Each structure stands twice: as C-alpha cells, then as structure tokens.
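With TSV, C-alpha atoms inside, this is model-v2.tsv:
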```tsv
chain	number	residue	atom	x	y	z
A	1	MET	CA	-57.94	140.45	102.53
A	2	SER	CA	-58.91	142.26	99.43
A	3	ASN	CA	-62.47	141.00	99.57
A	4	PRO	CA	-62.97	141.74	95.93
A	5	ALA	CA	-66.70	142.07	95.93
A	6	ASP	CA	-67.94	143.57	92.74
A	7	ARG	CA	-68.78	147.14	93.48
A	8	SER	CA	-69.75	149.72	90.99
A	9	GLN	CA	-67.89	152.97	90.64
A	10	VAL	CA	-71.02	154.72	91.84
A	11	GLU	CA	-71.01	152.76	95.08
A	12	ILE	CA	-67.31	153.43	95.61
A	13	ALA	CA	-67.75	157.15	94.96
A	14	ARG	CA	-70.72	157.24	97.31
A	15	GLU	CA	-68.73	155.57	100.05
A	16	GLN	CA	-65.81	157.95	99.55
A	17	GLU	CA	-68.17	160.87	99.83
A	18	LEU	CA	-69.69	159.46	103.04
A	19	VAL	CA	-66.20	158.90	104.47
A	20	ALA	CA	-65.18	162.47	103.66
A	21	ARG	CA	-68.32	163.83	105.29
A	22	ALA	CA	-67.90	161.60	108.34
A	23	GLN	CA	-64.27	162.69	108.64
A	24	SER	CA	-65.44	166.25	108.96
A	25	GLY	CA	-67.78	165.27	111.79
A	26	ASP	CA	-71.01	164.46	109.96
A	27	ARG	CA	-72.62	161.81	112.14
A	28	ALA	CA	-75.42	161.10	109.70
A	29	ALA	CA	-72.80	160.13	107.12
A	30	PHE	CA	-71.12	157.89	109.66
A	31	ALA	CA	-74.47	156.29	110.47
A	32	ALA	CA	-74.90	155.50	106.79
A	33	LEU	CA	-71.44	153.87	106.72
A	34	LEU	CA	-72.31	151.99	109.86
A	35	ARG	CA	-75.48	150.59	108.31
A	36	GLU	CA	-73.48	149.56	105.27
A	37	HIS	CA	-70.74	147.72	107.16
A	38	GLN	CA	-72.25	146.60	110.44
A	39	ASP	CA	-73.07	143.09	109.24
A	40	GLU	CA	-69.55	142.38	108.03
A	41	VAL	CA	-68.01	143.83	111.19
A	42	TYR	CA	-70.36	141.79	113.37
A	43	THR	CA	-69.74	138.64	111.31
A	44	LEU	CA	-65.98	138.93	111.76
A	45	ALA	CA	-66.45	139.60	115.47
A	46	ARG	CA	-68.62	136.48	115.78
A	47	ARG	CA	-66.02	134.41	113.99
A	48	LEU	CA	-63.27	135.70	116.23
A	49	VAL	CA	-64.94	135.61	119.62
A	50	GLY	CA	-67.83	133.24	119.06
A	51	ASP	CA	-70.15	134.43	121.79
A	52	PRO	CA	-72.93	136.57	120.22
A	53	HIS	CA	-73.10	139.01	123.14
A	54	MET	CA	-69.38	139.58	123.20
A	55	ALA	CA	-69.37	139.87	119.42
A	56	SER	CA	-72.04	142.54	119.66
A	57	ASP	CA	-69.92	144.47	122.16
A	58	VAL	CA	-66.86	144.05	119.97
A	59	ALA	CA	-68.73	145.33	116.93
A	60	GLN	CA	-70.04	148.31	118.89
A	61	GLU	CA	-66.63	149.24	120.25
A	62	ALA	CA	-64.99	148.69	116.87
A	63	MET	CA	-67.39	151.14	115.24
A	64	ILE	CA	-66.81	153.69	117.99
A	65	ARG	CA	-63.05	153.31	117.54
A	66	ALA	CA	-63.56	153.68	113.83
A	67	TRP	CA	-65.41	156.96	114.34
A	68	ARG	CA	-62.59	158.28	116.53
A	69	ALA	CA	-59.87	157.13	114.14
A	70	LEU	CA	-61.70	158.15	110.98
A	71	PRO	CA	-59.83	161.45	110.57
A	72	LYS	CA	-56.65	159.37	110.21
A	73	PHE	CA	-58.15	157.09	107.54
A	74	ARG	CA	-56.35	158.02	104.34
A	75	GLY	CA	-58.22	155.70	102.02
A	76	ASP	CA	-55.13	153.63	101.08
A	77	ALA	CA	-57.05	150.47	101.91
A	78	ARG	CA	-60.74	149.88	101.43
A	79	LEU	CA	-62.93	151.00	104.28
A	80	SER	CA	-64.07	147.44	104.96
A	81	THR	CA	-60.44	146.28	105.22
A	82	TRP	CA	-59.68	149.11	107.61
A	83	LEU	CA	-62.77	148.24	109.68
A	84	TYR	CA	-61.72	144.59	109.75
A	85	ARG	CA	-58.36	145.57	111.24
A	86	ILE	CA	-60.04	147.64	113.93
A	87	THR	CA	-62.44	144.76	114.64
A	88	VAL	CA	-59.59	142.28	115.04
A	89	ASN	CA	-57.78	144.61	117.46
A	90	THR	CA	-60.96	145.24	119.40
A	91	ALA	CA	-61.70	141.53	119.61
A	92	TRP	CA	-58.23	140.99	121.04
A	93	THR	CA	-58.77	143.67	123.66
A	94	HIS	CA	-62.11	142.19	124.67
A	95	LYS	CA	-60.72	138.71	124.97
A	96	LYS	CA	-57.82	139.89	127.07
A	97	ARG	CA	-60.29	141.77	129.24
A	98	ALA	CA	-62.49	138.71	129.56
A	99	GLY	CA	-59.32	136.91	130.62
A	100	ARG	CA	-60.57	133.44	130.16
A	101	HIS	CA	-60.77	130.83	127.51
A	102	GLN	CA	-64.19	130.87	126.00
A	103	THR	CA	-65.72	127.94	124.33
A	104	THR	CA	-66.91	129.53	121.19
A	105	SER	CA	-68.76	128.47	118.16
A	106	ILE	CA	-67.09	129.60	114.98
A	107	ASP	CA	-70.06	129.78	112.76
A	108	ASP	CA	-73.52	128.67	113.43
A	109	HIS	CA	-74.35	129.35	109.83
A	110	LEU	CA	-71.87	126.76	108.65
A	111	GLU	CA	-74.94	124.64	108.90
A	112	VAL	CA	-77.49	127.24	107.99
A	113	ALA	CA	-76.24	128.09	104.53
A	114	ALA	CA	-77.74	125.98	101.79
A	115	PRO	CA	-75.13	123.49	100.74
A	116	VAL	CA	-73.78	123.57	97.23
A	117	GLY	CA	-75.23	120.70	95.30
A	118	ALA	CA	-78.54	120.76	97.08
A	119	ASP	CA	-80.02	119.19	93.97
A	120	HIS	CA	-77.99	116.09	94.77
A	121	PRO	CA	-79.12	114.85	98.18
A	122	GLU	CA	-76.08	112.62	98.69
A	123	MET	CA	-73.65	115.43	97.98
A	124	ALA	CA	-75.62	117.88	100.09
A	125	GLY	CA	-75.68	115.41	102.94
A	126	GLU	CA	-71.92	114.96	102.76
A	127	LEU	CA	-71.39	118.72	102.73
A	128	LEU	CA	-73.62	119.24	105.74
A	129	GLU	CA	-71.79	116.52	107.56
A	130	LEU	CA	-68.43	118.07	106.65
A	131	ARG	CA	-69.62	121.49	107.83
A	132	GLY	CA	-70.69	120.04	111.14
A	133	ARG	CA	-67.32	118.37	111.62
A	134	LEU	CA	-65.49	121.49	110.49
A	135	ARG	CA	-67.38	123.60	113.00
A	136	LEU	CA	-66.51	121.25	115.82
A	137	ALA	CA	-62.87	121.07	114.73
A	138	LEU	CA	-62.64	124.88	114.59
A	139	ASP	CA	-64.31	125.21	117.97
A	140	ASP	CA	-61.69	122.90	119.43
A	141	LEU	CA	-58.78	125.01	118.21
A	142	PRO	CA	-57.15	127.27	120.78
A	143	ASP	CA	-58.28	130.89	120.33
A	144	ALA	CA	-55.02	132.12	118.87
A	145	GLN	CA	-54.92	129.33	116.29
A	146	ARG	CA	-58.55	129.74	115.36
A	147	GLU	CA	-58.10	133.46	114.79
A	148	VAL	CA	-55.26	132.83	112.38
A	149	VAL	CA	-57.34	130.29	110.46
A	150	VAL	CA	-60.30	132.69	110.33
A	151	LEU	CA	-58.19	135.58	109.05
A	152	LYS	CA	-56.15	133.54	106.57
A	153	ASP	CA	-58.46	130.83	105.32
A	154	ILE	CA	-61.77	132.67	105.44
A	155	TYR	CA	-60.76	136.28	104.85
A	156	GLY	CA	-57.60	135.65	102.84
A	157	TRP	CA	-55.36	137.97	104.84
A	158	SER	CA	-51.64	137.75	104.18
A	159	HIS	CA	-49.29	136.48	106.86
A	160	GLY	CA	-47.97	140.04	107.21
A	161	GLU	CA	-51.43	141.48	107.78
A	162	ILE	CA	-52.23	138.83	110.36
A	163	ALA	CA	-48.93	139.36	112.13
A	164	GLU	CA	-49.46	143.11	112.24
A	165	SER	CA	-52.99	142.94	113.57
A	166	MET	CA	-52.15	140.29	116.18
A	167	GLY	CA	-48.92	141.96	117.26
A	168	ILE	CA	-46.78	138.93	116.46
A	169	SER	CA	-43.99	138.27	113.98
A	170	VAL	CA	-44.70	136.98	110.50
A	171	THR	CA	-42.84	133.79	111.40
A	172	ALA	CA	-45.02	133.32	114.48
A	173	ALA	CA	-48.13	133.83	112.35
A	174	LYS	CA	-46.93	131.21	109.88
A	175	VAL	CA	-46.09	128.75	112.64
A	176	ARG	CA	-49.45	129.29	114.28
A	177	LEU	CA	-51.25	128.70	110.99
A	178	HIS	CA	-49.14	125.63	110.27
A	179	ARG	CA	-50.07	124.13	113.64
A	180	ALA	CA	-53.70	125.16	113.37
A	181	ARG	CA	-54.15	123.53	109.98
A	182	ALA	CA	-52.37	120.39	111.09
A	183	ARG	CA	-54.64	120.12	114.10
A	184	LEU	CA	-57.70	120.90	112.03
A	185	ALA	CA	-56.79	118.17	109.55
A	186	ARG	CA	-56.15	115.67	112.33
A	187	ASP	CA	-59.41	116.51	114.10
A	188	LEU	CA	-61.36	116.27	110.86
A	189	GLU	CA	-59.81	112.90	110.17
A	190	GLU	CA	-60.55	111.60	113.64
A	191	SER	CA	-64.16	112.74	113.48
A	192	ALA	CA	-64.73	111.17	110.05
B	1	MET	CA	-49.94	104.72	111.17
B	2	SER	CA	-46.63	105.71	109.64
B	3	VAL	CA	-44.32	108.18	111.35
B	4	ILE	CA	-43.71	109.82	107.99
B	5	CYS	CA	-47.47	110.38	107.61
B	6	GLU	CA	-47.47	112.24	110.91
B	7	VAL	CA	-44.44	114.32	109.95
B	8	ALA	CA	-46.06	115.09	106.61
B	9	ALA	CA	-49.48	115.94	108.09
B	10	PRO	CA	-48.99	119.72	108.55
B	11	PHE	CA	-47.38	120.01	105.13
B	12	VAL	CA	-50.20	118.05	103.55
B	13	ALA	CA	-52.72	120.35	105.27
B	14	ASN	CA	-50.93	123.48	104.08
B	15	SER	CA	-50.59	122.09	100.61
B	16	ALA	CA	-54.30	121.32	100.46
B	17	VAL	CA	-55.34	124.80	101.64
B	18	ASP	CA	-52.81	126.81	99.66
B	19	GLY	CA	-53.01	124.65	96.53
B	20	ARG	CA	-49.24	124.16	96.43
B	21	ASP	CA	-47.14	121.02	96.21
B	22	VAL	CA	-46.01	119.34	99.39
B	23	VAL	CA	-42.38	120.23	100.19
B	24	SER	CA	-39.98	118.11	98.14
B	25	PRO	CA	-38.53	115.81	100.84
B	26	LEU	CA	-42.03	114.52	101.57
B	27	ARG	CA	-43.43	114.63	98.07
B	28	ALA	CA	-42.44	111.13	97.12
B	29	HIS	CA	-44.12	109.73	100.22
B	30	THR	CA	-47.33	111.74	99.93
B	31	GLY	CA	-47.53	110.91	96.24
B	32	SER	CA	-47.79	107.21	96.97
B	33	CYS	CA	-49.43	107.17	100.42
B	34	LEU	CA	-53.18	106.65	100.37
B	35	ARG	CA	-53.56	107.95	103.89
B	36	CYS	CA	-51.81	111.24	103.07
B	37	GLN	CA	-53.83	111.57	99.88
B	38	ALA	CA	-57.06	111.05	101.82
B	39	ARG	CA	-55.96	113.73	104.30
B	40	HIS	CA	-55.16	116.06	101.43
B	41	ALA	CA	-58.57	115.53	99.88
B	42	ALA	CA	-60.37	116.05	103.21
B	43	MET	CA	-58.47	119.23	103.95
B	44	SER	CA	-59.09	120.56	100.45
B	45	ARG	CA	-62.82	120.11	100.97
B	46	ALA	CA	-62.61	121.81	104.36
B	47	ALA	CA	-60.61	124.69	102.88
B	48	ARG	CA	-63.24	125.23	100.21
B	49	GLN	CA	-65.92	125.37	102.89
B	50	LEU	CA	-63.91	127.90	104.87
B	51	ALA	CA	-63.25	130.09	101.84
B	52	ALA	CA	-66.95	130.03	100.99
B	53	LEU	CA	-67.72	131.64	104.33
B	54	GLU	CA	-66.15	134.95	103.39
B	55	GLY	CA	-69.14	136.11	101.42
B	56	GLN	CA	-71.64	134.99	104.03
B	57	ARG	CA	-72.85	137.51	106.55
B	58	ILE	CA	-74.44	137.16	109.95
B	59	ALA	CA	-76.96	139.92	110.55
B	60	ALA	CA	-75.81	142.38	113.19
B	61	PRO	CA	-78.13	142.89	116.17
B	62	ALA	CA	-80.92	145.29	115.33
B	63	ASP	CA	-79.87	147.73	118.03
B	64	LEU	CA	-76.21	147.94	117.06
B	65	GLU	CA	-76.57	151.17	115.11
B	66	TRP	CA	-78.55	152.78	117.92
B	67	ARG	CA	-75.96	151.68	120.51
B	68	VAL	CA	-73.06	153.04	118.49
B	69	MET	CA	-74.70	156.35	117.67
B	70	THR	CA	-75.85	156.82	121.27
B	71	SER	CA	-72.30	156.25	122.47
B	72	LEU	CA	-71.04	158.79	119.98
B	73	GLU	CA	-73.50	161.37	121.23
B	74	GLY	CA	-72.20	160.85	124.76
B	75	ASP	CA	-68.67	161.06	123.42
B	76	LEU	CA	-69.30	164.37	121.73
B	77	ALA	CA	-71.24	165.81	124.66
B	78	ILE	CA	-68.39	165.04	127.02
B	79	SER	CA	-65.77	166.36	124.70
B	80	LYS	CA	-67.64	169.61	124.06
B	81	THR	CA	-68.74	170.50	127.57
B	82	TRP	CA	-66.21	168.96	129.83
B	83	ALA	CA	-63.00	168.29	127.99
B	84	ARG	CA	-61.48	171.78	128.31
B	85	PRO	CA	-62.38	172.49	131.98
B	86	VAL	CA	-61.30	168.99	133.01
B	87	THR	CA	-57.97	169.42	131.23
B	88	TRP	CA	-57.34	172.78	132.95
B	89	LEU	CA	-58.37	171.38	136.33
B	90	ALA	CA	-56.06	168.37	135.93
B	91	ALA	CA	-53.17	170.60	134.92
B	92	ALA	CA	-53.75	172.94	137.89
B	93	LEU	CA	-53.98	170.02	140.32
B	94	SER	CA	-50.80	168.49	138.94
B	95	MET	CA	-48.93	171.78	139.37
B	96	ALA	CA	-50.24	172.23	142.91
B	97	ALA	CA	-49.20	168.68	143.82
B	98	ALA	CA	-45.75	169.25	142.37
B	99	ILE	CA	-45.33	172.46	144.41
B	100	VAL	CA	-46.49	170.74	147.62
B	101	ILE	CA	-44.08	167.85	147.07
B	102	TRP	CA	-41.25	170.28	146.34
B	103	ARG	CA	-42.00	172.30	149.50
B	104	LEU	CA	-42.21	169.21	151.71
B	105	LYS	CA	-39.05	167.67	150.37
B	106	PRO	CA	-36.32	167.79	153.06
B	107	ARG	CA	-33.42	169.96	151.98
B	108	ARG	CA	-29.78	169.43	152.71
B	109	ALA	CA	-28.13	172.02	154.92
```

Could you write out this structure as structure tokens?
Amino acid sequence: MSNPADRSQVEIAREQELVARAQSGDRAAFAALLREHQDEVYTLARRLVGDPHMASDVAQEAMIRAWRALPKFRGDARLSTWLYRITVNTAWTHKKRAGRHQTTSIDDHLEVAAPVGADHPEMAGELLELRGRLRLALDDLPDAQREVVVLKDIYGWSHGEIAESMGISVTAAKVRLHRARARLARDLEESA
Amino acid sequence: MSVICEVAAPFVANSAVDGRDVVSPLRAHTGSCLRCQARHAAMSRAARQLAALEGQRIAAPADLEWRVMTSLEGDLAISKTWARPVTWLAAALSMAAAIVIWRLKPRRA
C-alpha cells in the first residue's frame, strides 16, 4: 500500500504543514488537502463500490470522517494511506447500508487509458481486448472477493492491512484472495 | 480437462500474480502442462493490467469539495451552538426518567 509516488521533500513538508494546521481546526488547510487527495479517494471508492453516485457519497463521507479523525492522525503512515483506510471502511458501511448486491463496474477507464504499445496496433488491440475481458471478469466477482483483489492487486496492500480494514482474519483475507484469483483466471480463460 | 489442472488453477493464478513458483507438489505438473502454462501467462498479463491501474485516477465530481466543506460547516455550527445545551438537556431528562422509574417501582413491604 505504500504507493511510492515520487514526491519531493518540499511537497511532503507542505503536506505535513497542512495536516498540522487542519488538526488545529484550520478548514482552509483541510480544503487544500481535500483538493490534493479527492481524486485518489474517489478513484478507490469507484473501484470498491462501482456505482459513480455511491462512490461520490462514499468519498464525501470518507473526507468528513477524515476531518473528524484528523486530530488522531499521528503521521505514522502517509496521509493518502490513512485516507485509503477510511475510504475502505466507509465503502463497507455504505454497502451494508445499501443492503443489496450491486452490479458494479470496476473501472470504466480500463478501456479509456491508452494501451501500452499503442505504436503496435496488434499489441494494442490485444491489450484492449484483455482489459475488456478483465473488466467483465472483475465485475462478475462477488463484492467481497473483488474488494480483496482491488486492495491487493491494484493497491498492493498486505494481507494484514486488508484483513484489518475489512474486519476479517488474515487467513480469511488470504482465502478470499485465493478464490478470487482462481475465479478471475477461470473467467478470463472462458472468455478468451 | 485434467483434474490436476483444476486443482492447480488457484495456485497457478497466485503464482502468476505474486511472481512466485507454484507450490512444489504441483510444480512438476504445471511445468509440463500447456494448459496450466497458458493460464499462468494469461493471469500474468491480467495482473500487470491490474497493477498498472494504481497510478490512474478517476476525476472526482466537481462538487465534491463543496459538498464536504458545506457538511463541515454544518458540523461545526451544530457542535458550537447546540452541542452543550443538548448534552445538558439529555442528561437532565435521563436523570428525571431514572427518578420517575425509581418512584414508580413497587417496593416490598
């Protein structure tokens, strides 16, 4: 989950300063943090719940929760990591509240992003086709399995982090991932 | 379709995503089975596509910031003006209810 984006020391220091100001109640500082992180929070919410409207609500509530919990943020983890955890918990709450299985689309931009190898039409075509099949296969996964795949295989969370945020044991997280990947592989094979 | 291929499938998928060897009891089979190797290759490609998504962002709705900040204003307004009186009122009502229940409770002779 480290999300090791290259960030300069200046950016890190600026963020720390904004966090400190927001922790003491400065809403303008929090708004600046919000602007900085809203896309990544919303993106994770979309990947977890699929539906854009629900994702928007999840992102909104996650940021409100973040504001309320900010005084407890000690800076042990990166702010984005901490926000991701809040977003995952909020997504869970929303889905429980919705109380129904939602047919969701994992990532519309699986198809939007320019495929690697665009200079080679054959390769690009294959990639687009794979992305389409991958999207369908992910959509077909049960919610709980898809969430584990999103957190582990997209965001690189550890089993422990996934277990903690989903309120399950590490073993359960591993089993869920094991099953999810097996199903994903089978579905990809069948759709080929 | 071999039964061993089906048993090996989840391990092949995990191996492809995590970049580790398939567990030893199945390694000999997967090493020589074209079907398992094809599955491994397909899952590796899928895993690369998934991993590539991490850096991609979907733009948040334009009004998200406004919605959050408006909610926070409401939050603060409530906490400043109403939190203390509401707390005192709730405490007083709880005490009154407790007294009423205690007074109404039948006592043994």

**Q.** Given all atoms listed in the file as the counted atoms, nearest of A:Leu83, A:Ala182, A:Leu177, A:Ala32 to chain B
**A.** A:Ala182

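Straight-line separation from CA of Asp57 (chain A) to CA of Leu33 (chain A): 18.1 Å.
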
(Q) Show me, as a ChimeraX atom specification, the residues of chain B whose atoms get within 10 Å of chain A, using all atoms listed in the file for the distance check. (A) /B:6,8-14,16-18,38-40,42-61,63-69,71-73,75

Would you write out those residues with C-alpha atoms, as an mmCIF file, in the coordinates of the input?
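In the end it all went to out_14.cif:
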```cif
data_model
loop_
_atom_site.group_PDB
_atom_site.id
_atom_site.type_symbol
_atom_site.label_atom_id
_atom_site.label_comp_id
_atom_site.auth_asym_id
_atom_site.auth_seq_id
_atom_site.Cartn_x
_atom_site.Cartn_y
_atom_site.Cartn_z
ATOM 1 C CA GLU B 6 -47.470 112.240 110.910
ATOM 2 C CA ALA B 8 -46.060 115.090 106.610
ATOM 3 C CA ALA B 9 -49.480 115.940 108.090
ATOM 4 C CA PRO B 10 -48.990 119.720 108.550
ATOM 5 C CA PHE B 11 -47.380 120.010 105.130
ATOM 6 C CA VAL B 12 -50.200 118.050 103.550
ATOM 7 C CA ALA B 13 -52.720 120.350 105.270
ATOM 8 C CA ASN B 14 -50.930 123.480 104.080
ATOM 9 C CA ALA B 16 -54.300 121.320 100.460
ATOM 10 C CA VAL B 17 -55.340 124.800 101.640
ATOM 11 C CA ASP B 18 -52.810 126.810 99.660
ATOM 12 C CA ALA B 38 -57.060 111.050 101.820
ATOM 13 C CA ARG B 39 -55.960 113.730 104.300
ATOM 14 C CA HIS B 40 -55.160 116.060 101.430
ATOM 15 C CA ALA B 42 -60.370 116.050 103.210
ATOM 16 C CA MET B 43 -58.470 119.230 103.950
ATOM 17 C CA SER B 44 -59.090 120.560 100.450
ATOM 18 C CA ARG B 45 -62.820 120.110 100.970
ATOM 19 C CA ALA B 46 -62.610 121.810 104.360
ATOM 20 C CA ALA B 47 -60.610 124.690 102.880
ATOM 21 C CA ARG B 48 -63.240 125.230 100.210
ATOM 22 C CA GLN B 49 -65.920 125.370 102.890
ATOM 23 C CA LEU B 50 -63.910 127.900 104.870
ATOM 24 C CA ALA B 51 -63.250 130.090 101.840
ATOM 25 C CA ALA B 52 -66.950 130.030 100.990
ATOM 26 C CA LEU B 53 -67.720 131.640 104.330
ATOM 27 C CA GLU B 54 -66.150 134.950 103.390
ATOM 28 C CA GLY B 55 -69.140 136.110 101.420
ATOM 29 C CA GLN B 56 -71.640 134.990 104.030
ATOM 30 C CA ARG B 57 -72.850 137.510 106.550
ATOM 31 C CA ILE B 58 -74.440 137.160 109.950
ATOM 32 C CA ALA B 59 -76.960 139.920 110.550
ATOM 33 C CA ALA B 60 -75.810 142.380 113.190
ATOM 34 C CA PRO B 61 -78.130 142.890 116.170
ATOM 35 C CA ASP B 63 -79.870 147.730 118.030
ATOM 36 C CA LEU B 64 -76.210 147.940 117.060
ATOM 37 C CA GLU B 65 -76.570 151.170 115.110
ATOM 38 C CA TRP B 66 -78.550 152.780 117.920
ATOM 39 C CA ARG B 67 -75.960 151.680 120.510
ATOM 40 C CA VAL B 68 -73.060 153.040 118.490
ATOM 41 C CA MET B 69 -74.700 156.350 117.670
ATOM 42 C CA SER B 71 -72.300 156.250 122.470
ATOM 43 C CA LEU B 72 -71.040 158.790 119.980
ATOM 44 C CA GLU B 73 -73.500 161.370 121.230
ATOM 45 C CA ASP B 75 -68.670 161.060 123.420
#
```

Q: Take CA of Thr90 (chain A) and CA of Val58 (chain A) and report the distance between them in Å, one decimal.
A: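 That distance, rounded to one decimal, is 6.0 Å.
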
Q: Enumerate, as a VMD selection string, the protein, DNA and RNA residues whose atoms approach (-50.2, 143.9, 112.7) to within 12 Å, taking into account all atoms listed in the file and the coordinate frame of the file.
A: chain A and resid 82 84 to 86 88 to 89 92 157 to 170 172 to 173

Q) Please, what distance in Å, to one decimal, runs between CA of Gly74 (chain B) and CA of His94 (chain A)? A) 21.2 Å

Show which residues sit within 12 Å of Arg14 (chain A), as a short mmCIF file (atom, residue, chain, number, x, y, z; two decimals) with C-alpha atoms, keeping the file's coordinate frame. Count all atoms listed in the file, and ignore same-chain residues fewer than 4 positions away.
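Written file, result-v6.cif:
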```
data_model
loop_
_atom_site.label_atom_id
_atom_site.label_comp_id
_atom_site.auth_asym_id
_atom_site.auth_seq_id
_atom_site.Cartn_x
_atom_site.Cartn_y
_atom_site.Cartn_z
CA ARG A 7 -68.78 147.14 93.48
CA SER A 8 -69.75 149.72 90.99
CA GLN A 9 -67.89 152.97 90.64
CA VAL A 10 -71.02 154.72 91.84
CA LEU A 18 -69.69 159.46 103.04
CA VAL A 19 -66.20 158.90 104.47
CA ALA A 20 -65.18 162.47 103.66
CA ARG A 21 -68.32 163.83 105.29
CA ALA A 29 -72.80 160.13 107.12
CA ALA A 32 -74.90 155.50 106.79
CA LEU A 33 -71.44 153.87 106.72
CA GLU A 36 -73.48 149.56 105.27
#
```
